[in-house]
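Undergrad: Data file structure18.cif (mmCIF, C-alpha atoms and all ligand atoms) is appended below.
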data_data
loop_
_atom_site.label_atom_id
_atom_site.label_comp_id
_atom_site.auth_asym_id
_atom_site.auth_seq_id
_atom_site.Cartn_x
_atom_site.Cartn_y
_atom_site.Cartn_z
CA MET A 27 104.18 8.40 29.11
CA ARG A 28 103.22 11.90 28.00
CA VAL A 29 105.23 11.42 24.83
CA LEU A 30 103.38 8.18 24.15
CA LYS A 31 100.06 9.98 24.59
CA HIS A 32 101.13 12.57 22.05
CA ILE A 33 102.13 9.89 19.58
CA MET A 34 98.81 8.09 19.98
CA ALA A 35 96.86 11.30 19.58
CA ALA A 36 98.76 12.05 16.40
CA ALA A 37 98.08 8.56 15.12
CA ILE A 38 94.37 8.94 15.77
CA ILE A 39 94.35 12.22 13.85
CA VAL A 40 96.12 10.61 10.91
CA VAL A 41 93.75 7.63 10.87
CA THR A 42 90.72 9.89 11.10
CA ALA A 43 92.00 12.04 8.28
CA THR A 44 92.58 8.99 6.16
CA VAL A 45 89.09 7.66 6.79
CA LEU A 46 87.57 11.04 6.02
CA ALA A 47 89.59 11.29 2.86
CA GLY A 48 88.25 7.90 1.84
CA ALA A 49 84.72 8.92 2.66
CA SER A 50 85.03 12.03 0.60
CA GLU A 51 86.16 10.02 -2.41
CA THR A 52 84.23 11.06 -5.45
CA PRO A 53 82.04 8.39 -7.00
CA LYS A 54 84.48 8.21 -9.91
CA GLU A 55 87.44 7.68 -7.65
CA HIS A 56 85.55 5.08 -5.74
CA GLU A 57 84.60 3.36 -8.95
CA LYS A 58 88.21 3.31 -10.08
CA ALA A 59 89.39 1.97 -6.77
CA GLN A 60 86.76 -0.71 -6.92
CA THR A 61 87.71 -1.61 -10.45
CA ASP A 62 91.33 -1.93 -9.43
CA ALA A 63 90.26 -4.06 -6.52
CA ASP A 64 88.20 -6.24 -8.82
CA GLN A 65 91.23 -6.85 -10.96
CA VAL A 66 93.18 -8.02 -7.98
CA ALA A 67 90.38 -10.07 -6.53
CA ALA A 68 89.44 -13.54 -7.69
CA PRO A 69 87.65 -13.19 -11.01
CA ALA A 70 84.60 -15.11 -10.10
CA GLU A 71 83.58 -13.34 -6.96
CA PRO A 72 79.92 -12.47 -6.99
CA ALA A 73 79.47 -9.29 -8.92
CA GLN A 74 79.13 -5.86 -7.48
CA PRO A 75 77.14 -4.42 -10.30
CA LYS A 76 77.25 -0.73 -9.42
CA SER A 77 80.93 -0.50 -8.79
CA LYS A 78 81.75 -2.53 -11.87
CA ARG A 79 79.62 -0.47 -14.12
CA LYS A 80 81.33 2.18 -16.09
CA GLY A 81 79.79 5.42 -17.15
CA GLY A 82 76.87 5.17 -19.50
CA LYS A 83 76.58 1.38 -19.49
CA LYS A 84 73.28 -0.30 -19.07
CA PRO A 85 72.24 -2.15 -15.95
CA ILE A 86 72.98 -5.85 -15.88
CA ALA A 87 69.44 -6.95 -16.46
CA GLU A 88 69.35 -4.99 -19.71
CA HIS A 89 72.75 -6.35 -20.64
CA ALA A 90 71.55 -9.84 -20.08
CA ARG A 91 68.73 -9.30 -22.55
CA ASP A 92 70.92 -7.54 -25.06
CA VAL A 93 73.87 -9.80 -24.78
CA ALA A 94 72.54 -12.82 -26.60
CA PRO A 95 76.02 -13.53 -25.38
CA ILE A 96 77.07 -16.08 -27.83
CA ASN A 97 75.55 -14.74 -31.02
CA THR A 98 77.99 -11.89 -31.41
CA ASP A 99 80.64 -11.13 -33.97
CA ALA A 100 83.22 -12.06 -31.38
CA THR A 101 81.61 -15.40 -30.88
CA VAL A 102 81.39 -16.18 -34.54
CA GLU A 103 85.05 -15.40 -34.86
CA ARG A 104 85.80 -17.68 -31.96
CA ILE A 105 83.76 -20.49 -33.44
CA ILE A 106 85.33 -20.21 -36.82
CA GLY A 107 88.75 -19.47 -35.44
CA LYS A 108 91.82 -18.87 -37.52
CA ASP A 109 90.11 -19.69 -40.81
CA GLN A 110 88.31 -16.39 -40.61
CA GLU A 111 91.22 -14.27 -39.62
CA SER A 112 91.97 -13.33 -43.16
CA ALA A 113 88.36 -12.50 -43.84
CA PRO A 114 86.92 -9.09 -44.49
CA LYS A 115 88.33 -5.97 -42.96
CA LYS A 116 84.88 -5.42 -41.62
CA LYS A 117 85.85 -7.84 -38.87
CA LYS A 118 88.82 -5.71 -37.89
CA THR A 119 86.88 -2.51 -37.75
CA SER A 120 84.45 -4.11 -35.37
CA HIS A 121 87.24 -4.77 -32.89
CA LYS A 122 85.96 -2.24 -30.41
CA LYS A 123 82.48 -3.59 -30.66
CA LYS A 124 83.79 -7.09 -30.08
CA LYS A 125 85.72 -5.94 -27.08
CA ALA A 126 82.68 -4.25 -25.65
CA SER A 127 80.62 -7.31 -26.32
CA HIS A 128 83.13 -9.50 -24.55
CA ALA A 129 83.22 -7.14 -21.63
CA THR A 130 79.46 -7.20 -21.46
CA GLU A 131 79.44 -10.95 -21.57
CA ALA A 132 82.04 -11.06 -18.86
CA HIS A 133 80.10 -8.56 -16.81
CA ALA A 134 76.94 -10.59 -17.09
CA ALA A 135 78.78 -13.80 -16.27
CA ASP A 136 80.36 -12.24 -13.23
CA SER A 137 76.99 -11.24 -11.96
CA HIS A 138 75.84 -14.86 -12.31
CA SER A 139 72.44 -13.40 -12.83
CA THR A 140 69.71 -15.90 -13.50
CA ALA A 141 68.36 -13.42 -16.05
CA ILE A 142 71.05 -14.45 -18.52
CA PRO A 143 69.44 -16.26 -21.42
CA VAL A 144 70.50 -19.84 -21.87
CA ASP A 145 72.79 -20.20 -24.80
CA ALA A 146 73.77 -23.78 -24.32
CA GLU A 147 72.85 -24.44 -27.91
CA GLU A 148 75.51 -22.06 -29.11
CA ALA A 149 78.01 -23.55 -26.68
CA VAL A 150 77.34 -26.97 -28.19
CA LYS A 151 77.84 -25.46 -31.62
CA ARG A 152 81.21 -24.05 -30.58
CA LEU A 153 82.30 -27.41 -29.27
CA LEU A 154 81.22 -29.34 -32.31
CA GLU A 155 82.69 -26.78 -34.69
CA GLY A 156 85.95 -27.05 -32.79
CA ASN A 157 85.80 -30.83 -32.96
CA ARG A 158 85.37 -30.62 -36.71
CA ARG A 159 88.41 -28.38 -36.99
CA TYR A 160 90.36 -30.84 -34.85
CA ILE A 161 89.36 -33.80 -37.01
CA ALA A 162 90.24 -31.90 -40.16
CA GLY A 163 93.60 -30.90 -38.70
CA LYS A 164 92.69 -27.23 -39.03
CA ASN A 165 93.28 -26.29 -35.46
CA SER A 166 92.96 -22.69 -34.48
CA SER A 167 95.69 -21.32 -32.28
CA SER A 168 94.02 -18.00 -31.61
CA HIS A 169 93.33 -18.82 -27.98
CA ARG A 170 96.74 -20.25 -27.25
CA THR A 171 98.77 -17.09 -27.59
CA ALA A 172 100.48 -14.69 -25.22
CA GLN A 173 97.76 -12.18 -26.07
CA ARG A 174 95.09 -14.64 -24.99
CA ARG A 175 97.02 -15.41 -21.83
CA ALA A 176 97.05 -11.71 -20.97
CA GLU A 177 93.35 -11.46 -21.76
CA VAL A 178 92.26 -14.34 -19.54
CA ALA A 179 94.65 -13.39 -16.76
CA LYS A 180 92.15 -10.64 -15.93
CA GLY A 181 89.32 -13.07 -15.45
CA GLN A 182 87.87 -16.27 -16.79
CA HIS A 183 84.64 -16.68 -18.68
CA PRO A 184 84.54 -20.24 -20.00
CA PHE A 185 81.53 -21.12 -22.13
CA ALA A 186 81.20 -24.79 -21.17
CA VAL A 187 82.00 -27.29 -18.48
CA ILE A 188 83.43 -30.57 -19.70
CA VAL A 189 83.33 -33.55 -17.38
CA GLY A 190 85.77 -35.90 -19.04
CA CYS A 191 87.88 -38.97 -18.42
CA SER A 192 91.45 -38.60 -17.15
CA ASP A 193 92.60 -40.76 -20.07
CA SER A 194 95.58 -39.03 -21.67
CA ARG A 195 94.03 -39.38 -25.11
CA VAL A 196 91.00 -37.21 -24.43
CA PRO A 197 92.11 -33.73 -23.45
CA PRO A 198 89.02 -31.56 -24.01
CA GLU A 199 90.85 -28.40 -25.08
CA ILE A 200 92.54 -30.30 -27.88
CA LEU A 201 89.68 -32.38 -29.20
CA PHE A 202 87.33 -29.39 -29.16
CA ASP A 203 90.05 -27.10 -30.49
CA GLN A 204 89.70 -24.58 -27.70
CA GLY A 205 92.26 -22.53 -25.86
CA MET A 206 92.89 -20.87 -22.56
CA GLY A 207 89.83 -19.62 -20.76
CA ASP A 208 87.34 -21.45 -23.00
CA LEU A 209 86.53 -24.60 -21.07
CA PHE A 210 86.07 -25.37 -17.40
CA VAL A 211 87.26 -28.96 -17.14
CA VAL A 212 86.70 -31.62 -14.50
CA ARG A 213 88.40 -34.95 -15.18
CA SER A 214 88.50 -38.29 -13.41
CA ALA A 215 88.91 -41.91 -14.45
CA GLY A 216 85.67 -42.90 -16.13
CA ASN A 217 84.39 -39.32 -15.90
CA VAL A 218 82.68 -40.10 -12.63
CA ILE A 219 81.87 -37.40 -10.13
CA ASP A 220 81.98 -37.02 -6.37
CA ASP A 221 81.05 -34.11 -4.13
CA ILE A 222 84.25 -32.26 -4.92
CA ALA A 223 83.64 -32.56 -8.65
CA ILE A 224 80.03 -31.47 -8.21
CA GLY A 225 81.18 -28.50 -6.14
CA SER A 226 83.61 -27.53 -8.89
CA ILE A 227 80.84 -27.67 -11.48
CA GLU A 228 78.54 -25.67 -9.22
CA TYR A 229 81.21 -23.00 -9.08
CA ALA A 230 81.40 -22.78 -12.86
CA VAL A 231 77.63 -22.56 -13.17
CA GLU A 232 76.91 -20.22 -10.30
CA HIS A 233 79.92 -17.94 -10.41
CA LEU A 234 81.17 -18.11 -13.96
CA GLY A 235 77.79 -18.17 -15.65
CA VAL A 236 78.41 -21.38 -17.61
CA GLN A 237 75.23 -22.64 -19.20
CA LEU A 238 76.32 -25.96 -20.64
CA VAL A 239 77.76 -29.02 -18.92
CA MET A 240 78.90 -31.84 -21.18
CA VAL A 241 79.74 -35.24 -19.74
CA LEU A 242 82.13 -36.80 -22.19
CA GLY A 243 82.67 -40.55 -22.31
CA HIS A 244 85.06 -42.09 -24.78
CA GLU A 245 85.73 -45.17 -26.85
CA ARG A 246 87.52 -48.05 -25.10
CA CYS A 247 87.49 -46.31 -21.74
CA GLY A 248 89.75 -48.35 -19.44
CA ALA A 249 87.79 -47.55 -16.29
CA VAL A 250 84.52 -48.68 -17.83
CA ASP A 251 86.19 -51.71 -19.34
CA ALA A 252 87.60 -52.73 -15.94
CA THR A 253 84.14 -52.40 -14.44
CA LEU A 254 82.62 -54.44 -17.23
CA LYS A 255 85.16 -57.22 -16.83
CA GLY A 256 84.69 -57.34 -13.08
CA GLY A 257 87.33 -58.93 -10.94
CA ALA A 258 89.22 -57.63 -7.97
CA VAL A 259 90.21 -54.01 -7.91
CA GLY A 260 92.47 -52.70 -5.21
CA GLY A 261 92.93 -49.41 -3.45
CA LYS A 262 90.74 -46.42 -4.10
CA LEU A 263 90.23 -47.52 -7.68
CA LYS A 264 87.38 -49.54 -6.25
CA SER A 265 85.51 -46.25 -5.71
CA VAL A 266 85.77 -45.55 -9.43
CA VAL A 267 84.53 -49.00 -10.39
CA ASP A 268 81.71 -48.83 -7.87
CA ALA A 269 80.61 -45.51 -9.32
CA ILE A 270 80.55 -46.91 -12.87
CA LYS A 271 78.93 -50.25 -12.00
CA PRO A 272 75.27 -49.12 -12.11
CA ALA A 273 75.77 -47.73 -15.63
CA VAL A 274 77.33 -50.98 -16.80
CA GLU A 275 74.48 -52.98 -15.27
CA LYS A 276 72.00 -50.76 -17.04
CA ALA A 277 73.77 -51.18 -20.36
CA LYS A 278 73.82 -54.94 -19.90
CA ALA A 279 70.12 -54.99 -19.09
CA LYS A 280 69.23 -52.84 -22.06
CA ALA A 281 71.50 -54.78 -24.36
CA GLU A 282 71.48 -51.92 -26.86
CA THR A 283 74.50 -53.02 -28.78
CA SER A 284 75.20 -52.87 -32.47
CA PRO A 285 78.08 -53.68 -34.80
CA ARG A 286 79.23 -50.11 -34.30
CA CYS A 287 78.67 -50.02 -30.57
CA ASP A 288 79.47 -53.07 -28.49
CA LEU A 289 78.75 -53.56 -24.81
CA LEU A 290 81.77 -51.51 -23.75
CA CYS A 291 80.68 -48.67 -26.01
CA SER A 292 77.08 -48.77 -24.77
CA SER A 293 78.34 -48.94 -21.17
CA VAL A 294 80.43 -45.81 -21.74
CA LYS A 295 77.39 -44.00 -23.13
CA SER A 296 75.24 -45.28 -20.29
CA ASN A 297 77.84 -44.02 -17.82
CA ALA A 298 77.97 -40.55 -19.38
CA ARG A 299 74.21 -40.39 -19.28
CA MET A 300 74.06 -41.53 -15.67
CA VAL A 301 76.62 -38.94 -14.60
CA ALA A 302 74.70 -36.24 -16.47
CA GLU A 303 71.46 -37.31 -14.78
CA LYS A 304 73.18 -37.30 -11.41
CA LEU A 305 74.44 -33.78 -12.03
CA ARG A 306 71.03 -32.55 -13.02
CA LYS A 307 69.72 -33.63 -9.62
CA ALA A 308 72.87 -33.00 -7.63
CA SER A 309 71.96 -29.80 -5.81
CA PRO A 310 69.75 -26.75 -6.08
CA VAL A 311 72.66 -24.84 -7.60
CA LEU A 312 72.39 -27.13 -10.62
CA THR A 313 68.81 -28.34 -10.42
CA ASP A 314 67.19 -24.91 -10.30
CA PRO A 315 68.80 -23.55 -13.47
CA VAL A 316 68.16 -26.86 -15.23
CA GLU A 317 64.47 -26.65 -14.36
CA ASN A 318 64.34 -23.00 -15.33
CA GLY A 319 65.94 -23.66 -18.67
CA LEU A 320 69.10 -21.80 -17.75
CA LEU A 321 71.42 -24.78 -17.80
CA ARG A 322 71.75 -27.85 -19.99
CA VAL A 323 73.55 -31.02 -18.96
CA ILE A 324 74.23 -33.37 -21.82
CA GLY A 325 76.17 -36.55 -22.56
CA ALA A 326 78.60 -37.12 -25.41
CA TYR A 327 80.89 -39.81 -26.80
CA TYR A 328 84.37 -39.43 -28.23
CA GLU A 329 85.73 -41.89 -30.75
CA LEU A 330 89.42 -42.50 -30.24
CA ASP A 331 89.85 -43.74 -33.79
CA SER A 332 88.11 -40.99 -35.74
CA GLY A 333 88.31 -38.12 -33.28
CA LEU A 334 84.59 -37.53 -33.61
CA VAL A 335 82.45 -36.34 -30.72
CA SER A 336 78.75 -37.13 -30.95
CA LEU A 337 75.99 -36.15 -28.59
CA THR A 338 74.44 -39.18 -26.94
CA TYR A 339 72.20 -37.72 -24.28
CA LYS A 340 70.25 -34.56 -24.93
CA PRO A 341 67.46 -33.96 -22.46
CA VAL A 342 65.10 -31.21 -23.52
CA LEU A 343 65.89 -29.17 -20.46
ZN ZN B 1 88.38 -43.37 -19.88
#
Represent the structure contained in this file as structure tokens.
TA:
Amino acid sequence: MRVLKHIMAAAIIVVTATVLAGASETPKEHEKAQTDADQVAAPAEPAQPKSKRKGGKKPIAEHARDVAPINTDATVERIIGKDQESAPKKKKTSHKKKKASHATEAHAADSHSTAIPVDAEEAVKRLLEGNRRYIAGKNSSSHRTAQRRAEVAKGQHPFAVIVGCSDSRVPPEILFDQGMGDLFVVRSAGNVIDDIAIGSIEYAVEHLGVQLVMVLGHERCGAVDATLKGGAVGGKLKSVVDAIKPAVEKAKAKAETSPRCDLLCSSVKSNARMVAEKLRKASPVLTDPVENGLLRVIGAYYELDSGLVSLTYKPVL
């Protein structure tokens, strides 16, 4: 018994010493420990600004103003992709600056601060530029490398959410010529959304700082076509059809068809628009930034034949 008491007393002393040692950690040590912890932790945890900040860096709010996150050298390079890799050495010498800029962007995104300026416009530009590269067969592979994998393994900072159809012919990363860590993708038949999908999108907006959500319909979508044709649908597929039905009814009522866009096409566009509208009103996490101009939710249409993506629904806010 006495021996046990001795052991316990010794244990208490050790624990106390350990706690004290921790408490006497210098700010730098603490910062390092925190940084290490951040690397281990899930990337999108709400930011802890102080501990993440490294010596001499500006506070987040200032970063957010300075960032103009997407209009940086790094961004331009990402938009243009491989085509610019052989361009001026100037690009190479700015490597450090680019890295810093990316870190700043990441920092700001992690903080999911509402002070971050909306740069949805630039996100759209990136997507459309990528789509042009894809159509032209000039795909960039810069974000599909081992180096990129290592980079994004530390944390993700996608610049757009794509809500797309599960159709095997419309993989967003390919048709927008993007790589790992670029897009946060939610897919379902007919690009319809339920609470789980909405929650996923909320996560990207609130925790990853994404400022653009694109709902992407596509030519000859089977789910929309099935809804349009009616008839019996079994199993849970009925939920998909039921979700698309109002958009089809709206398209029928509007009868906005043309030689280039038949009823199926207009129903697909109507569906993308309806999903985008639903998202805009889905929850405060999405509605508030939309109303404050910090988030844009748009609709788009992908042509299977040409590969072209065009914007079909672009609300001002
Ligand atoms: Zn589809």
Undergrad: What separation in Å, quoted to one decimal, exists between CA of Ala230 in chain A and CA of Ser194 in chain A?
TA: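 Computed distance, CA of Ala230 in chain A to CA of Ser194 in chain A, equals 23.3 Å.
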Undergrad: Restricting the calculation to only C-alpha atoms and all ligand atoms, which member of A:Ala176, A:Val231, A:Ile224, A:Cys191 is positioned closest to ligand ZN 1 (chain B)?
TA: A:Cys191
Undergrad: Grab me every residue within 12 Å of ligand ZN 1 (chain B), counting all atoms listed in the file, and send it over as an MDAnalysis selection string.
TA: chainID A and resid 189:197 213:218 241:253 266:267 270 290:291 293:295 297:298 327:330
Undergrad: Compare A:Ala149, A:Phe185, A:Ala281, A:Met206 by their minimum atom-to-atom distance to His169 in chain A, counting only C-alpha atoms, and give me the closest one.
TA: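 Looking only at the distances to His169 in chain A, the closest residue turns out to be A:Met206.
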Undergrad: So that all listed atoms of range 234-239 of chain A fit with 3 Å spare on each side, what axis-aligned box centre and edge lengths in Å, to one decimal, would you give as lines of an AutoDock Vina configuration file?
TA:
center_x = 78.2
center_y = -23.6
center_z = -17.3
size_x = 11.9
size_y = 16.9
size_z = 12.7
Undergrad: Record the distance separating CA of Ala279 in chain A and CA of Lys255 in chain A, expressed in Å with one decimal.
TA: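 These two atoms are separated by 15.4 Å.
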Undergrad: Here is a test: counting only C-alpha atoms, which residue of A:His183, A:Lys271, A:Lys262, A:Arg158 is nearest to Ser296 in chain A?
TA: A:Lys271
Undergrad: Compile a residue-level contact table for range 185-293 of chain A against range 303-325 of chain A at a cut-off of 7 Å, reporting for every qualifying residue the shortest atom pair and its distance in Å to one decimal, with only C-alpha atoms counted, rows ordered by chain and ascending number, as JSON lines.
TA:
{"residue": "A:Glu228", "atom": "CA", "partner": "A:Val311", "partner_atom": "CA", "distance": 6.2}
{"residue": "A:Glu232", "atom": "CA", "partner": "A:Val311", "partner_atom": "CA", "distance": 6.8}
{"residue": "A:Gln237", "atom": "CA", "partner": "A:Leu321", "partner_atom": "CA", "distance": 4.6}
{"residue": "A:Leu238", "atom": "CA", "partner": "A:Arg322", "partner_atom": "CA", "distance": 5.0}
{"residue": "A:Val239", "atom": "CA", "partner": "A:Val323", "partner_atom": "CA", "distance": 4.7}
{"residue": "A:Met240", "atom": "CA", "partner": "A:Ile324", "partner_atom": "CA", "distance": 5.0}
{"residue": "A:Val241", "atom": "CA", "partner": "A:Gly325", "partner_atom": "CA", "distance": 4.7}
{"residue": "A:Leu242", "atom": "CA", "partner": "A:Gly325", "partner_atom": "CA", "distance": 6.0}
Undergrad: So what do you get for CA of Thr338 in chain A versus CA of Asp220 in chain A, distance-wise?
TA: 22.0 Å
Undergrad: Which residue is closest to Gly235 in chain A? Choose from A:Phe202, A:Tyr160, A:Phe210, A:Tyr339 and count all atoms listed in the file.
TA: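 Looking at the shortest contact to Gly235 in chain A, the residue is A:Phe210.
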Undergrad: Let me make sure I understand: among A:Gln204, A:Asn165, A:Thr283, A:Gln182, which one has the smallest atom-to-atom distance to Arg152 in chain A if we use only C-alpha atoms?
TA: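 Among the listed residues, the smallest separation from Arg152 in chain A belongs to A:Gln204.
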